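> Contents are compact mmCIF, C-alpha atoms; file name my_file_39.txt:
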# COMPACT_ATOMS: atom_id res chain seq x y z
CA MET R 1 0.00 0.00 0.00
CA LYS R 2 1.07 3.57 -0.65
CA ILE R 3 -0.32 6.42 1.44
CA THR R 4 0.22 9.98 0.27
CA VAL R 5 -0.65 12.91 2.52
CA VAL R 6 -1.21 16.39 1.09
CA THR R 7 -0.72 18.98 3.83
CA LEU R 8 0.46 22.49 4.60
CA PHE R 9 2.42 21.11 7.56
CA PRO R 10 4.53 18.15 6.39
CA LYS R 11 6.89 18.27 9.37
CA ILE R 12 4.07 17.17 11.66
CA PHE R 13 4.04 13.74 10.02
CA SER R 14 7.76 12.94 10.09
CA GLU R 15 7.85 11.80 13.72
CA VAL R 16 4.51 9.98 13.69
CA LEU R 17 5.24 7.95 10.56
CA SER R 18 8.69 7.03 11.89
CA THR R 19 7.46 5.62 15.20
CA SER R 20 6.32 2.21 16.45
CA ILE R 21 4.06 0.09 14.23
CA LEU R 22 3.81 2.67 11.45
CA ASP R 23 7.59 2.70 11.12
CA ARG R 24 7.90 -1.09 11.26
CA ALA R 25 5.23 -1.46 8.58
CA LYS R 26 7.29 0.83 6.35
CA ASP R 27 10.55 -1.02 7.08
CA LYS R 28 8.91 -4.34 6.21
CA LYS R 29 7.61 -2.90 2.93
CA PHE R 30 3.95 -3.30 3.84
CA VAL R 31 3.38 0.40 3.28
CA GLU R 32 5.07 3.37 1.66
CA TYR R 33 4.47 6.91 2.88
CA GLU R 34 4.75 10.15 0.93
CA VAL R 35 4.06 13.54 2.49
CA LEU R 36 3.43 16.29 -0.03
CA ASP R 37 3.78 19.96 0.94
CA LEU R 38 0.80 21.77 -0.58
CA ARG R 39 2.75 25.01 -0.41
CA ASN R 40 5.03 23.72 -3.17
CA PHE R 41 2.07 24.02 -5.54
CA GLY R 42 1.15 27.52 -4.41
CA GLU R 43 0.86 30.53 -6.67
CA GLY R 44 3.33 33.40 -6.92
CA GLU R 45 6.28 34.39 -4.80
CA ARG R 46 4.36 33.78 -1.58
CA LYS R 47 3.14 30.37 -2.74
CA THR R 48 -0.48 31.29 -2.06
CA VAL R 49 -2.82 28.31 -1.65
CA ASP R 50 -6.03 29.97 -0.45
CA GLY R 51 -8.49 32.74 -1.25
CA ARG R 52 -11.40 34.65 0.26
CA PRO R 53 -14.81 32.99 -0.02
CA PHE R 54 -17.19 34.24 -2.72
CA GLY R 55 -20.30 35.65 -1.09
CA GLY R 56 -18.35 36.82 1.93
CA GLY R 57 -17.74 35.15 5.24
CA PRO R 58 -14.89 34.58 7.68
CA GLY R 59 -11.64 32.81 6.98
CA MET R 60 -9.94 31.62 3.84
CA ILE R 61 -10.72 28.73 1.48
CA LEU R 62 -8.17 26.31 0.02
CA ARG R 63 -8.15 26.81 -3.74
CA ALA R 64 -9.41 24.11 -6.09
CA ASP R 65 -6.69 24.66 -8.68
CA ILE R 66 -3.86 24.40 -6.15
CA LEU R 67 -5.24 21.22 -4.60
CA ALA R 68 -5.88 19.73 -8.03
CA SER R 69 -2.26 20.31 -9.05
CA ALA R 70 -1.07 18.46 -5.95
CA VAL R 71 -3.39 15.51 -6.52
CA LYS R 72 -2.52 15.25 -10.21
CA ALA R 73 1.16 15.03 -9.26
CA VAL R 74 0.65 11.81 -7.31
CA LYS R 75 -2.63 10.26 -8.45
CA LYS R 76 -2.48 6.93 -10.28
CA PRO R 77 -5.21 4.68 -11.71
CA GLY R 78 -7.05 3.20 -8.75
CA SER R 79 -5.98 5.87 -6.26
CA HIS R 80 -8.57 6.53 -3.55
CA VAL R 81 -8.67 10.21 -2.61
CA ILE R 82 -9.90 11.16 0.86
CA LEU R 83 -10.58 14.59 2.30
CA MET R 84 -10.41 14.89 6.08
CA SER R 85 -13.46 17.00 6.86
CA ALA R 86 -15.68 17.65 9.87
CA SER R 87 -18.66 17.23 7.53
CA GLY R 88 -17.51 13.83 6.30
CA LYS R 89 -18.79 10.37 7.16
CA PRO R 90 -17.78 9.19 10.66
CA PHE R 91 -14.62 7.09 10.69
CA ASN R 92 -14.89 3.72 12.42
CA GLN R 93 -13.22 0.32 12.57
CA ALA R 94 -15.23 -0.99 9.64
CA LYS R 95 -13.96 1.85 7.47
CA ALA R 96 -10.39 1.17 8.66
CA TRP R 97 -10.73 -2.45 7.52
CA GLU R 98 -12.08 -1.26 4.17
CA LEU R 99 -9.19 1.16 3.64
CA SER R 100 -6.62 -1.47 4.66
CA GLU R 101 -7.50 -3.44 1.52
CA LEU R 102 -6.68 -0.58 -0.86
CA LYS R 103 -3.39 -0.21 -2.72
CA ASN R 104 -3.12 3.56 -3.07
CA ILE R 105 -4.61 6.20 -0.78
CA ILE R 106 -4.26 9.97 -1.04
CA ILE R 107 -5.32 11.94 2.04
CA ILE R 108 -6.01 15.66 1.76
CA CYS R 109 -5.68 17.62 5.00
CA GLY R 110 -8.09 20.52 4.98
CA HIS R 111 -7.19 23.80 6.67
CA TYR R 112 -8.44 27.34 7.13
CA GLU R 113 -12.21 27.73 6.67
CA GLY R 114 -12.64 24.91 4.18
CA VAL R 115 -12.01 23.58 0.68
CA ASP R 116 -13.45 24.84 -2.62
CA GLN R 117 -16.43 22.59 -3.38
CA ARG R 118 -15.44 22.25 -7.03
CA PHE R 119 -12.31 20.37 -6.01
CA ILE R 120 -14.34 18.10 -3.75
CA ASP R 121 -16.86 17.35 -6.50
CA LYS R 122 -14.22 16.40 -9.06
CA TYR R 123 -11.35 14.86 -7.14
CA ILE R 124 -12.55 13.51 -3.79
CA ASP R 125 -13.83 9.94 -3.51
CA GLU R 126 -15.00 10.35 0.07
CA GLU R 127 -14.91 12.78 2.98
CA ILE R 128 -14.07 11.34 6.39
CA SER R 129 -14.56 12.81 9.87
CA ILE R 130 -13.13 11.48 13.13
CA GLY R 131 -15.80 13.08 15.28
CA ASP R 132 -18.34 15.82 15.84
CA TYR R 133 -15.87 18.53 16.79
CA ILE R 134 -13.63 21.02 15.01
CA LEU R 135 -9.83 20.90 14.85
CA THR R 136 -7.41 23.42 13.39
CA GLY R 137 -6.74 21.23 10.36
CA GLY R 138 -6.95 17.74 8.96
CA GLU R 139 -3.49 16.63 10.06
CA ILE R 140 -4.42 14.98 13.37
CA PRO R 141 -7.47 13.24 11.83
CA ALA R 142 -5.26 12.00 8.97
CA MET R 143 -2.81 10.51 11.47
CA ALA R 144 -5.66 8.69 13.21
CA VAL R 145 -6.91 7.24 9.92
CA ILE R 146 -3.40 6.16 8.87
CA ASP R 147 -2.66 4.50 12.22
CA ALA R 148 -5.99 2.66 12.37
CA THR R 149 -5.64 1.50 8.76
CA VAL R 150 -1.99 0.44 8.58
CA ARG R 151 -2.14 -1.80 11.65
CA LEU R 152 -4.85 -3.86 9.91
CA ILE R 153 -2.76 -4.64 6.83
CA PRO R 154 -2.06 -8.41 6.95
CA GLY R 155 1.41 -9.06 8.35
CA VAL R 156 1.92 -5.69 10.02
CA LEU R 157 1.06 -7.02 13.47
CA LYS R 158 2.89 -10.16 14.56
CA LYS R 159 -0.25 -11.84 15.90
CA PRO R 160 -3.34 -11.75 13.63
CA GLU R 161 -5.64 -12.12 16.65
CA ALA R 162 -4.44 -8.71 17.85
CA THR R 163 -6.87 -7.16 15.36
CA THR R 164 -9.78 -9.51 16.02
CA GLU R 165 -9.87 -9.52 19.82
CA GLU R 166 -9.91 -5.77 20.43
CA SER R 167 -12.58 -3.12 20.72
CA PHE R 168 -14.98 -2.83 17.77
CA SER R 169 -14.18 -6.32 16.50
CA THR R 170 -17.23 -8.00 15.01
CA PHE R 171 -19.03 -10.63 17.09
CA HIS R 172 -21.52 -13.06 15.59
CA LEU R 173 -24.65 -14.73 16.96
CA PRO R 174 -26.98 -16.99 14.93
CA SER R 175 -29.48 -14.16 14.44
CA SER R 176 -27.31 -11.05 14.54
CA THR R 177 -23.91 -9.44 14.07
CA PHE R 178 -22.60 -6.61 16.24
CA GLN R 179 -19.44 -5.04 17.59
CA LEU R 180 -17.98 -5.30 21.07
CA LEU R 181 -15.55 -3.29 23.11
CA GLU R 182 -12.49 -5.22 24.24
CA TYR R 183 -12.66 -7.31 27.41
CA PRO R 184 -10.71 -6.15 30.52
CA GLN R 185 -6.98 -6.90 30.44
CA TYR R 186 -4.60 -7.68 33.35
CA THR R 187 -0.87 -8.20 33.86
CA ARG R 188 1.63 -8.43 36.74
CA PRO R 189 1.55 -7.96 39.68
CA GLU R 190 -1.22 -10.45 40.44
CA THR R 191 -2.39 -8.27 43.33
CA PHE R 192 -2.47 -4.48 43.12
CA GLU R 193 -3.63 -2.34 46.05
CA GLY R 194 -5.68 -5.22 47.40
CA LYS R 195 -7.30 -6.16 44.10
CA SER R 196 -6.34 -9.46 42.48
CA VAL R 197 -6.41 -10.60 38.87
CA PRO R 198 -9.62 -12.62 38.26
CA GLU R 199 -8.93 -16.24 39.15
CA ILE R 200 -10.32 -17.55 35.86
CA LEU R 201 -7.49 -15.83 33.96
CA ARG R 202 -4.93 -17.78 36.00
CA SER R 203 -6.71 -21.11 35.63
CA GLY R 204 -5.17 -22.21 32.34
CA ASN R 205 -8.63 -23.28 31.12
CA HIS R 206 -8.66 -21.60 27.72
CA ALA R 207 -12.27 -22.45 26.91
CA GLU R 208 -13.48 -20.88 30.15
CA ILE R 209 -11.18 -17.89 29.67
CA THR R 210 -12.62 -17.30 26.19
CA LYS R 211 -16.15 -17.54 27.58
CA TRP R 212 -15.33 -15.13 30.43
CA ARG R 213 -13.77 -12.62 28.07
CA LYS R 214 -16.78 -12.69 25.76
CA GLU R 215 -19.14 -12.17 28.69
CA LYS R 216 -17.07 -9.29 30.03
CA ALA R 217 -16.85 -7.71 26.58
CA ILE R 218 -20.64 -7.77 26.26
CA GLU R 219 -21.00 -6.43 29.81
CA LYS R 220 -18.58 -3.56 29.13
CA THR R 221 -20.23 -2.71 25.82
CA LYS R 222 -23.70 -2.64 27.38
CA LYS R 223 -22.43 -0.22 30.01
CA THR R 224 -20.28 2.07 27.86
CA ARG R 225 -21.48 1.79 24.24
CA PRO R 226 -24.94 0.16 24.16
CA ASP R 227 -25.46 1.64 20.69
CA LEU R 228 -23.05 -0.96 19.30
CA LEU R 229 -25.28 -3.80 20.43
CA GLY R 230 -28.61 -2.66 19.05
CA GLY R 231 -31.39 -4.94 20.25
CA ILE R 232 -28.95 -7.24 22.05
CA THR R 233 -28.92 -4.83 25.01
CA GLN R 234 -32.49 -5.74 25.79
CA LYS R 235 -31.61 -9.36 26.34
CA GLY R 236 -30.16 -10.90 29.45
Render the structure in this file as C-alpha cells.

Amino acid sequence: MKITVVTLFPKIFSEVLSTSILDRAKDKKFVEYEVLDLRNFGEGERKTVDGRPFGGGPGMILRADILASAVKAVKKPGSHVILMSASGKPFNQAKAWELSELKNIIIICGHYEGVDQRFIDKYIDEEISIGDYILTGGEIPAMAVIDATVRLIPGVLKKPEATTEESFSTFHLPSSTFQLLEYPQYTRPETFEGKSVPEILRSGNHAEITKWRKEKAIEKTKKTRPDLLGGITQKG
C-alpha cells in the first residue's frame, strides 16, 4: 500500500510515521508513505494556496486549482482520494478495515475555513470525519486514519488475533452481528492495592477464559457503548 498525505504542515508527520508500528510497517515494505507539501504548488512568490470565499464570510478557502495540481502530481489509476473533513462520514473500525485493503490512498488535510467545493466534486472519492468537533486542520485526523488502517494490513502485526480480539471487532450470533468493546486486560503484579487478577485468567482453562472474556466484553459494551449492540442490550 502507498499512502500519500497532502498537507500544509509536512513536518508534523515525520515523527509519527517514523514511530512504532507505522515505522515497522514501512521497514517491512507493507506500506510506503509520501508527504506532499501543498505550499510547493502555491501561486506566486508567496506560494499562495487559499483565497477569500465568494459571497463573503470569515476565513480563507483552500483553492481548487492548487489542490488539483497536488493531486494530479501523485494520483495513479485506482488511487482513492480522501478529504479529512468535519462534515464527512464518521470514521470507524469498519472503514479502517475497508481502507486497509486498498493499494493507493491519497489523504487531503483541509485547513483554514474549508475547501473549494469544485475540487471536492471532481477529485474527492469520500470525505471522512473522526468526530463531531472542530480541529485546526486535517493533520491529526489524517494521522488517526493512517494509524488505524496500517495496523490492519495483513502481516503488520505479529499476531493476527491482535486485530480480532480488540474493541470494535465483530461478534456473531446466529441471528445477529454486532461489535464489542475489548474485554478487561490484566498483567503483573497479580495483586495491586488489594485487588487481584480474576482467578479464571490464571486457571489455564482456555475455553473458560474465552467464555469469560466474551461475557465481560458484552457487559462492558452494554455499560459504555450500548449503541453498538442494538437490540442485544435488551436481552439478558
> Nearest to Glu139 (chain R) among R:Asp27, R:Gln93, R:Arg225, R:His111, with distances taken over all atoms listed in the file: which residue is it?
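The shortest atom-to-atom distance to Glu139 (chain R) comes from R:His111.
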> Return as lines of an AutoDock Vina configuration file the box centre and box size in Å, one decimal, for an axis-aligned box around all listed atoms of region 103-111 of chain R padded by 4 Å per side.

center_x = -5.6
center_y = 11.8
center_z = 1.8
size_x = 13.0
size_y = 32.0
size_z = 17.7
> Could you give me, as a list in words, the residues that sit within 7 Å of (-5.8, 4.4, -8.1) in the file's coordinates, counting only C-alpha atoms?
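In the file's frame, the residues around the point are Lys75, Lys76, Pro77, Gly78, Ser79, His80 and Asn104 of chain R.
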> Find, counting only C-alpha atoms, the residue in R:Glu199, R:Asp23, R:Glu98, R:Glu193 that gets nearest to Ile153 (chain R).
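Closest to Ile153 (chain R), using only C-alpha atoms: R:Glu98.
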> Which residue is closest to Asp37 (chain R)? Choose from R:Ile108, R:Ala94, R:Ala86, R:Ala144 and count all atoms listed in the file.
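Ranking R:Ile108, R:Ala94, R:Ala86, R:Ala144 by distance to Asp37 (chain R), first place goes to R:Ile108.
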> What's around region 46-48 of chain R at 10 Å? Count only C-alpha atoms, leave out sequence neighbours fewer than 4 positions away in its own chain, and write the answer as a PyMOL selection string.
chain R and resi 38-42+62-63+66
> Using all atoms listed in the file, which residue out of R:Ala25, R:Ala64, R:Ile146, R:Gly44 lies closest to Phe13 (chain R)?
R:Ile146
> Taking all atoms listed in the file into account, which of R:Pro154, R:Gly138, R:Gly194, R:Gly230 comes nearest Gln179 (chain R)?
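For Gln179 (chain R), the nearest of the given residues is R:Gly230.
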> Suppose you want the space between CA of Phe30 (chain R) and CA of Leu102 (chain R); what is it in Å?
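Here the two named atoms are 11.9 Å from each other.
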